[in-house]
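K.L.:
My structure file work-v9.json, JSON, C-alpha atoms and all ligand atoms, is below:
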[["chain", "number", "residue", "atom", "x", "y", "z"],
["A", 28, "MET", "CA", 76.33, 149.48, 99.37],
["A", 29, "ALA", "CA", 78.62, 147.78, 101.87],
["A", 30, "LEU", "CA", 79.97, 144.44, 100.74],
["A", 31, "SER", "CA", 81.47, 142.07, 103.24],
["A", 32, "PRO", "CA", 83.68, 139.19, 102.22],
["A", 33, "VAL", "CA", 82.29, 135.71, 102.69],
["A", 34, "GLY", "CA", 83.23, 132.31, 101.40],
["A", 35, "SER", "CA", 85.80, 129.82, 102.47],
["A", 36, "VAL", "CA", 89.18, 131.31, 103.20],
["A", 37, "ASP", "CA", 90.30, 129.74, 99.92],
["A", 38, "SER", "CA", 87.66, 131.36, 97.74],
["A", 39, "PRO", "CA", 86.36, 134.61, 99.18],
["A", 40, "ALA", "CA", 83.43, 136.10, 97.32],
["A", 41, "LEU", "CA", 81.51, 139.33, 97.61],
["A", 42, "ARG", "CA", 78.25, 138.90, 99.42],
["A", 43, "PRO", "CA", 75.04, 140.27, 97.90],
["A", 44, "SER", "CA", 72.46, 141.93, 100.12],
["A", 45, "ARG", "CA", 69.59, 139.96, 101.66],
["A", 46, "ALA", "CA", 67.15, 141.83, 99.38],
["A", 47, "GLU", "CA", 69.15, 140.63, 96.35],
["A", 48, "ALA", "CA", 69.09, 137.05, 97.68],
["A", 49, "GLU", "CA", 65.33, 137.20, 98.21],
["A", 50, "ALA", "CA", 64.83, 138.63, 94.70],
["A", 51, "ALA", "CA", 66.84, 135.71, 93.31],
["A", 52, "VAL", "CA", 64.55, 133.22, 95.08],
["A", 53, "GLU", "CA", 61.57, 134.98, 93.55],
["A", 54, "VAL", "CA", 63.11, 134.48, 90.09],
["A", 55, "LEU", "CA", 63.56, 130.76, 90.82],
["A", 56, "LEU", "CA", 59.94, 130.49, 91.97],
["A", 57, "ARG", "CA", 58.81, 131.96, 88.65],
["A", 58, "TRP", "CA", 61.27, 129.72, 86.77],
["A", 59, "ALA", "CA", 59.68, 126.70, 88.50],
["A", 60, "GLY", "CA", 56.26, 127.81, 87.30],
["A", 61, "GLU", "CA", 55.01, 129.41, 90.50],
["A", 62, "ASP", "CA", 53.33, 132.74, 91.06],
["A", 63, "PRO", "CA", 55.36, 134.50, 93.79],
["A", 64, "SER", "CA", 52.41, 136.78, 94.53],
["A", 65, "ARG", "CA", 50.37, 133.81, 95.73],
["A", 66, "PRO", "CA", 49.72, 134.58, 99.47],
["A", 67, "ALA", "CA", 51.19, 131.27, 100.68],
["A", 68, "LEU", "CA", 54.50, 132.18, 99.01],
["A", 69, "ALA", "CA", 54.71, 135.71, 100.45],
["A", 70, "ASP", "CA", 57.37, 134.80, 102.99],
["A", 71, "THR", "CA", 59.10, 132.08, 101.01],
["A", 72, "PRO", "CA", 61.98, 134.20, 99.66],
["A", 73, "ALA", "CA", 62.80, 135.40, 103.20],
["A", 74, "ARG", "CA", 62.54, 131.85, 104.56],
["A", 75, "VAL", "CA", 64.83, 130.49, 101.87],
["A", 76, "ALA", "CA", 67.40, 133.22, 102.56],
["A", 77, "ARG", "CA", 67.33, 132.35, 106.27],
["A", 78, "ALA", "CA", 67.60, 128.63, 105.51],
["A", 79, "TYR", "CA", 70.66, 129.36, 103.36],
["A", 80, "GLU", "CA", 72.24, 131.10, 106.34],
["A", 81, "GLU", "CA", 71.92, 127.84, 108.31],
["A", 82, "TRP", "CA", 72.74, 125.39, 105.52],
["A", 83, "PHE", "CA", 75.81, 127.35, 104.48],
["A", 84, "ALA", "CA", 77.02, 128.61, 107.86],
["A", 85, "GLY", "CA", 80.25, 126.71, 107.25],
["A", 86, "TYR", "CA", 81.60, 129.49, 105.04],
["A", 87, "SER", "CA", 81.97, 131.76, 108.07],
["A", 88, "ASP", "CA", 84.21, 129.38, 110.03],
["A", 89, "THR", "CA", 87.18, 127.13, 109.32],
["A", 90, "PRO", "CA", 88.07, 123.58, 110.39],
["A", 91, "ALA", "CA", 91.54, 124.92, 111.30],
["A", 92, "ARG", "CA", 90.06, 127.26, 113.92],
["A", 93, "ILE", "CA", 87.83, 124.52, 115.36],
["A", 94, "LEU", "CA", 90.59, 121.90, 115.52],
["A", 95, "ALA", "CA", 93.11, 124.29, 117.11],
["A", 96, "ALA", "CA", 91.07, 124.24, 120.34],
["A", 97, "ALA", "CA", 91.02, 121.44, 122.91],
["A", 98, "GLN", "CA", 94.38, 119.91, 122.00],
["A", 99, "GLU", "CA", 96.28, 118.03, 124.69],
["A", 100, "PRO", "CA", 99.58, 116.15, 124.75],
["A", 101, "ALA", "CA", 99.03, 112.62, 123.44],
["A", 102, "PRO", "CA", 99.40, 109.82, 125.99],
["A", 103, "LYS", "CA", 102.52, 107.73, 125.61],
["A", 104, "ASP", "CA", 101.94, 104.88, 123.16],
["A", 105, "ALA", "CA", 98.70, 106.46, 121.94],
["A", 106, "GLU", "CA", 96.96, 104.34, 119.36],
["A", 107, "MET", "CA", 94.34, 104.86, 116.70],
["A", 108, "VAL", "CA", 91.35, 107.03, 117.63],
["A", 109, "PHE", "CA", 88.23, 106.01, 115.68],
["A", 110, "LEU", "CA", 85.06, 108.12, 115.49],
["A", 111, "SER", "CA", 82.17, 106.38, 113.79],
["A", 112, "ASN", "CA", 78.81, 107.34, 112.33],
["A", 113, "ILE", "CA", 79.19, 111.11, 112.29],
["A", 114, "HIS", "CA", 76.02, 112.21, 110.54],
["A", 115, "PHE", "CA", 76.15, 115.18, 108.17],
["A", 116, "ASP", "CA", 73.73, 117.14, 106.04],
["A", 117, "SER", "CA", 75.13, 119.07, 103.12],
["A", 118, "HIS", "CA", 74.38, 120.25, 99.58],
["A", 119, "CYS", "CA", 76.11, 119.32, 96.35],
["A", 120, "GLU", "CA", 77.94, 122.04, 94.52],
["A", 121, "HIS", "CA", 76.50, 120.94, 91.16],
["A", 122, "HIS", "CA", 72.78, 121.24, 91.93],
["A", 123, "ILE", "CA", 72.58, 122.72, 95.47],
["A", 124, "ALA", "CA", 70.60, 119.54, 96.22],
["A", 125, "PRO", "CA", 70.72, 117.86, 99.64],
["A", 126, "VAL", "CA", 73.48, 115.36, 100.38],
["A", 127, "ARG", "CA", 72.97, 113.29, 103.50],
["A", 128, "GLY", "CA", 75.47, 110.84, 104.86],
["A", 129, "ARG", "CA", 77.87, 109.73, 107.53],
["A", 130, "VAL", "CA", 81.57, 109.84, 108.15],
["A", 131, "HIS", "CA", 83.90, 107.42, 109.89],
["A", 132, "LEU", "CA", 87.16, 109.07, 110.84],
["A", 133, "ALA", "CA", 90.34, 107.65, 112.35],
["A", 134, "TYR", "CA", 93.61, 109.29, 113.24],
["A", 135, "TRP", "CA", 96.78, 108.02, 114.81],
["A", 136, "PRO", "CA", 98.04, 110.72, 117.19],
["A", 137, "ASP", "CA", 101.62, 111.92, 117.22],
["A", 138, "GLN", "CA", 102.29, 114.80, 119.63],
["A", 139, "VAL", "CA", 98.72, 115.76, 120.48],
["A", 140, "VAL", "CA", 95.18, 114.44, 120.69],
["A", 141, "VAL", "CA", 92.19, 116.66, 120.04],
["A", 142, "GLY", "CA", 88.88, 116.69, 121.97],
["A", 143, "ILE", "CA", 86.61, 114.21, 120.21],
["A", 144, "SER", "CA", 83.88, 116.77, 119.58],
["A", 145, "LYS", "CA", 86.27, 118.90, 117.51],
["A", 146, "PRO", "CA", 86.62, 116.64, 114.45],
["A", 147, "VAL", "CA", 82.83, 116.28, 114.52],
["A", 148, "ARG", "CA", 82.43, 120.07, 114.50],
["A", 149, "ALA", "CA", 85.08, 120.44, 111.79],
["A", 150, "ILE", "CA", 83.14, 117.97, 109.62],
["A", 151, "GLU", "CA", 79.95, 119.91, 110.28],
["A", 152, "CYS", "CA", 81.70, 123.14, 109.24],
["A", 153, "LEU", "CA", 82.82, 121.60, 105.93],
["A", 154, "ALA", "CA", 79.39, 120.00, 105.36],
["A", 155, "ARG", "CA", 77.66, 123.36, 105.78],
["A", 156, "ARG", "CA", 79.09, 124.43, 102.47],
["A", 157, "MET", "CA", 78.46, 123.24, 98.92],
["A", 158, "ILE", "CA", 80.44, 120.07, 98.47],
["A", 159, "GLN", "CA", 81.69, 117.56, 95.99],
["A", 160, "GLN", "CA", 82.00, 114.29, 97.91],
["A", 161, "GLU", "CA", 85.52, 113.36, 96.85],
["A", 162, "SER", "CA", 87.00, 116.73, 97.77],
["A", 163, "PHE", "CA", 84.87, 116.89, 100.96],
["A", 164, "THR", "CA", 86.42, 113.59, 102.02],
["A", 165, "ALA", "CA", 89.95, 114.76, 101.22],
["A", 166, "SER", "CA", 89.33, 118.12, 102.96],
["A", 167, "ILE", "CA", 88.45, 116.37, 106.23],
["A", 168, "ALA", "CA", 91.71, 114.40, 106.12],
["A", 169, "ALA", "CA", 93.73, 117.47, 105.11],
["A", 170, "ALA", "CA", 92.23, 119.60, 107.89],
["A", 171, "MET", "CA", 93.10, 116.95, 110.50],
["A", 172, "MET", "CA", 96.63, 116.53, 109.12],
["A", 173, "GLU", "CA", 97.25, 120.27, 109.16],
["A", 174, "ALA", "CA", 95.76, 121.14, 112.54],
["A", 175, "VAL", "CA", 96.53, 118.04, 114.64],
["A", 176, "LYS", "CA", 99.62, 116.76, 112.79],
["A", 177, "PRO", "CA", 98.91, 113.09, 113.52],
["A", 178, "LYS", "CA", 100.86, 110.17, 112.06],
["A", 179, "GLY", "CA", 97.96, 109.58, 109.71],
["A", 180, "VAL", "CA", 94.26, 110.11, 109.05],
["A", 181, "ALA", "CA", 91.65, 107.86, 107.44],
["A", 182, "VAL", "CA", 88.25, 109.10, 106.33],
["A", 183, "PHE", "CA", 85.31, 107.07, 105.00],
["A", 184, "VAL", "CA", 82.23, 108.91, 103.71],
["A", 185, "SER", "CA", 79.00, 107.31, 102.53],
["A", 186, "ALA", "CA", 76.21, 109.56, 101.30],
["A", 187, "GLU", "CA", 73.02, 109.81, 99.35],
["A", 188, "HIS", "CA", 72.90, 112.62, 96.80],
["A", 189, "LEU", "CA", 69.33, 113.72, 96.19],
["A", 190, "CYS", "CA", 70.35, 115.19, 92.82],
["A", 191, "MET", "CA", 70.98, 111.61, 91.75],
["A", 192, "THR", "CA", 68.22, 109.79, 93.62],
["A", 193, "THR", "CA", 65.32, 112.17, 92.85],
["A", 194, "ARG", "CA", 66.21, 113.30, 89.31],
["A", 195, "GLY", "CA", 68.71, 112.48, 86.57],
["A", 196, "ALA", "CA", 69.62, 108.83, 87.06],
["A", 197, "ALA", "CA", 66.78, 108.71, 89.67],
["A", 198, "GLN", "CA", 68.10, 105.69, 91.51],
["A", 199, "PRO", "CA", 66.59, 105.72, 95.01],
["A", 200, "GLY", "CA", 68.87, 104.36, 97.69],
["A", 201, "THR", "CA", 72.11, 104.67, 95.72],
["A", 202, "VAL", "CA", 74.93, 105.40, 98.15],
["A", 203, "THR", "CA", 78.27, 106.90, 97.13],
["A", 204, "VAL", "CA", 81.32, 105.85, 99.16],
["A", 205, "THR", "CA", 84.60, 107.74, 99.18],
["A", 206, "THR", "CA", 87.74, 107.33, 101.25],
["A", 207, "SER", "CA", 90.87, 109.34, 101.94],
["A", 208, "LEU", "CA", 93.94, 107.83, 103.59],
["A", 209, "THR", "CA", 97.03, 109.79, 104.60],
["A", 210, "GLY", "CA", 100.28, 109.11, 106.45],
["A", 211, "CYS", "CA", 100.50, 105.73, 108.18],
["A", 212, "PHE", "CA", 97.05, 104.71, 106.86],
["A", 213, "LYS", "CA", 98.35, 105.19, 103.34],
["A", 214, "THR", "CA", 101.72, 103.50, 103.84],
["A", 215, "ASP", "CA", 100.54, 100.56, 106.00],
["A", 216, "PRO", "CA", 97.99, 98.37, 104.16],
["A", 217, "ALA", "CA", 97.28, 96.32, 107.33],
["A", 218, "LEU", "CA", 96.34, 99.50, 109.20],
["A", 219, "ALA", "CA", 94.16, 100.67, 106.31],
["A", 220, "GLN", "CA", 92.43, 97.28, 106.39],
["A", 221, "ARG", "CA", 91.92, 97.57, 110.16],
["A", 222, "PHE", "CA", 90.25, 100.93, 109.57],
["A", 223, "LEU", "CA", 88.00, 99.55, 106.84],
["A", 224, "ASP", "CA", 87.07, 96.58, 109.06],
["A", 225, "LEU", "CA", 86.02, 99.03, 111.80],
["A", 226, "CYS", "CA", 83.95, 100.95, 109.22],
["A", 227, "ARG", "CA", 82.20, 97.76, 108.23],
["A", 228, "LEU", "CA", 81.34, 96.98, 111.84],
["A", 229, "SER", "CA", 80.04, 100.50, 112.52],
["A", 301, "ZN", "ZN", 74.40, 117.25, 92.48]]
Would it be possible to restate this file's structure as C-alpha cells?
Ligand SMILES: [Zn+2]
P.N.:
Amino acid sequence: MALSPVGSVDSPALRPSRAEAEAAVEVLLRWAGEDPSRPALADTPARVARAYEEWFAGYSDTPARILAAAQEPAPKDAEMVFLSNIHFDSHCEHHIAPVRGRVHLAYWPDQVVVGISKPVRAIECLARRMIQQESFTASIAAAMMEAVKPKGVAVFVSAEHLCMTTRGAAQPGTVTVTTSLTGCFKTDPALAQRFLDLCRLS
C-alpha cells in the first residue's frame, strides 16, 4: 500500500487510504448508536471523507508559500495595514468540533507589503486544520513575521467553539477572544491600544 506524507510541515503523518477513513466513519456511526446499513446512511462514510478533504485542506499547503507571493516594496513612510473581519471556519483539535470566528489582523510594514488577499488566504490555510485558538492566533502572527518581516504584527481572534456551546459547559453564545502581538505592537503600548481600538470599531 502506498503511503503519502500529509500533515503540516511541522508534523508530517502517514495518510491512511480512503477506504480506511470510510471504515472509521462507519465505526463512529455505530458508536453513536446508528445502523450504518440503514439506506439513508449508505453514502455517509464517503461524504464525511470528502468533507474532511475540504475542512482539512490546510494540511496540504503552508502560510509561508501563500505569503511569499504578491510582495512589493513598501511605500516610503508606510504605516499600519489593518484587515478586519476575516471570517474563518475551523475545527478544534480536542473534539474535531466546529470553531467559527473572525480575525482582525494588523501589520506595520518594513521592507515589503503583501497583497491584502494573501494574509486572508494564509489564515484560511491555518483554519483548515485542527486548531487550538491560542496557538492558531500565535501561528498567524508568526507566519506574517517570518514571511513578510514587518516591524510588527497584531492579531485578534474571536470565535465560538461548538464543543463548548453545544456540549460540556453548553453555554450558547460564549465567545473566546485571543490576541497575539509581536514587534512594535508588543513594545509600543499606544500602538497596541490603537490596534485594539480599531478592533472594537470593526
Ligand atoms: Zn473542542
K.L.:
Excluding range 143-160 of chain A and its own-chain neighbours fewer than 4 positions away, which residues fall within 6 Å of it when counting all atoms listed in the file? Please give them as a list in words.
P.N.:
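Residues near the query, excluding close chain neighbours: Trp82, Phe83, Ala84, Gly85, Pro90, Leu94, Ser117, His118, Cys119 and Glu120 of chain A.
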K.L.:
Return as an MDAnalysis selection string every polymer residue, whether protein, DNA or RNA, with at least one atom no more than 7 Å from an atom of ligand ZN 301 (chain A); count only C-alpha atoms and all ligand atoms.
P.N.:
chainID A and resid 119:124 188 190:191
K.L.:
List every residue of range 77-172 of chain A that has an atom at most 10 Å from any atom of range 209-216 of chain A, and for each one report the closest atom pair and its distance in Å to one decimal, counting all atoms listed in the file, with rows sorted by chain and then by increasing residue number, as CSV.
P.N.:
residue,atom,partner,partner_atom,distance
A:Ala133,CA,A:Phe212,CA,9.2
A:Tyr134,CA,A:Phe212,CA,8.6
A:Trp135,CA,A:Cys211,CA,7.9
A:Ala165,CA,A:Thr209,CA,9.3
A:Ala168,CA,A:Thr209,CA,7.2
A:Ala169,CA,A:Thr209,CA,8.4
A:Met172,CA,A:Thr209,CA,8.1
K.L.:
Give me the residues within 9 Å of range 162-164 of chain A as a short mmCIF file (atom, residue, chain, number, x, y, z; two decimals) with C-alpha atoms, in the coordinates of the input, counting only C-alpha atoms and dropping any in the same chain fewer than 6 places off.
P.N.:
data_model
loop_
_atom_site.label_atom_id
_atom_site.label_comp_id
_atom_site.auth_asym_id
_atom_site.auth_seq_id
_atom_site.Cartn_x
_atom_site.Cartn_y
_atom_site.Cartn_z
CA VAL A 130 81.57 109.84 108.15
CA ILE A 150 83.14 117.97 109.62
CA LEU A 153 82.82 121.60 105.93
CA ALA A 154 79.39 120.00 105.36
CA VAL A 182 88.25 109.10 106.33
CA PHE A 183 85.31 107.07 105.00
CA VAL A 184 82.23 108.91 103.71
CA THR A 205 84.60 107.74 99.18
CA THR A 206 87.74 107.33 101.25
CA SER A 207 90.87 109.34 101.94
#
K.L.:
Looking at A:Ala73, A:Ala186, A:Ala96, A:Leu225, which one is nearest to Arg129 in chain A, with distances taken over all atoms listed in the file?
P.N.:
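Closest residue, counting all atoms listed in the file: A:Ala186.
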K.L.:
Kindly provide, as a ChimeraX atom specification, the polymer residues lying within 8 Å of (57.6, 135.2, 96.7), counting all atoms listed in the file and using the coordinates exactly as they appear in the file.
P.N.:
/A:52-53,56,62-65,68-72
K.L.:
Quick one: write out the picked residues with C-alpha atoms as a PDB file, keeping the file's coordinate frame?
P.N.:
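Result file selection_4.pdb:
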ATOM      1  CA  VAL A  52      64.550 133.220  95.080  1.00  0.00           C
ATOM      2  CA  GLU A  53      61.570 134.980  93.550  1.00  0.00           C
ATOM      3  CA  LEU A  56      59.940 130.490  91.970  1.00  0.00           C
ATOM      4  CA  ASP A  62      53.330 132.740  91.060  1.00  0.00           C
ATOM      5  CA  PRO A  63      55.360 134.500  93.790  1.00  0.00           C
ATOM      6  CA  SER A  64      52.410 136.780  94.530  1.00  0.00           C
ATOM      7  CA  ARG A  65      50.370 133.810  95.730  1.00  0.00           C
ATOM      8  CA  LEU A  68      54.500 132.180  99.010  1.00  0.00           C
ATOM      9  CA  ALA A  69      54.710 135.710 100.450  1.00  0.00           C
ATOM     10  CA  ASP A  70      57.370 134.800 102.990  1.00  0.00           C
ATOM     11  CA  THR A  71      59.100 132.080 101.010  1.00  0.00           C
ATOM     12  CA  PRO A  72      61.980 134.200  99.660  1.00  0.00           C
TER      13      PRO A  72
END
K.L.:
Record the distance separating CA of Phe109 in chain A and CA of Ile93 in chain A, expressed in Å with one decimal.
P.N.:
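About the pair CA of Phe109 in chain A and CA of Ile93 in chain A: they are 18.5 Å apart.
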K.L.:
Interatomic distance between CA of Leu228 in chain A and CA of Val202 in chain A?
P.N.:
17.3 Å
K.L.:
Under the rule that only C-alpha atoms are counted, which of A:Trp58, A:Ser166, A:Pro136, A:Ala101 is the nearest residue to Lys178 in chain A?
P.N.:
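Of A:Trp58, A:Ser166, A:Pro136, A:Ala101, the one nearest Lys178 in chain A, counting only C-alpha atoms, is A:Pro136.
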K.L.:
Could you please determine the separation between CA of Val126 in chain A and CA of Glu80 in chain A in Å, to one decimal place?
P.N.:
16.9 Å
K.L.:
Taking 6 positions as the minimum chain separation for residues in the same chain, which residues sit within 10 Å of Gln138 in chain A when counting all atoms listed in the file? Answer as a list in words.
P.N.:
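The residues that qualify are Gln98, Glu99, Pro100, Ala101, Pro102, Lys103, Ala105, Val175, Lys176, Pro177 and Lys178 of chain A.
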K.L.:
With all atoms listed in the file as the basis for distance, which of A:Ala196, A:Val141, A:Val75, A:Leu189 is at the shortest distance from Val108 in chain A?
P.N.:
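Counting all atoms listed in the file, the residue closest to Val108 in chain A is A:Val141.
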K.L.:
Could you pull the residues within 10 Å of Arg45 in chain A, counting all atoms listed in the file, minus those fewer than 2 positions along the same chain, as a PDB file with C-alpha atoms, in the frame of the given file?
P.N.:
ATOM      1  CA  ARG A  42      78.250 138.900  99.420  1.00  0.00           C
ATOM      2  CA  PRO A  43      75.040 140.270  97.900  1.00  0.00           C
ATOM      3  CA  GLU A  47      69.150 140.630  96.350  1.00  0.00           C
ATOM      4  CA  ALA A  48      69.090 137.050  97.680  1.00  0.00           C
ATOM      5  CA  GLU A  49      65.330 137.200  98.210  1.00  0.00           C
ATOM      6  CA  ALA A  50      64.830 138.630  94.700  1.00  0.00           C
ATOM      7  CA  ALA A  51      66.840 135.710  93.310  1.00  0.00           C
ATOM      8  CA  PRO A  72      61.980 134.200  99.660  1.00  0.00           C
ATOM      9  CA  ALA A  73      62.800 135.400 103.200  1.00  0.00           C
ATOM     10  CA  ALA A  76      67.400 133.220 102.560  1.00  0.00           C
ATOM     11  CA  ARG A  77      67.330 132.350 106.270  1.00  0.00           C
TER      12      ARG A  77
END
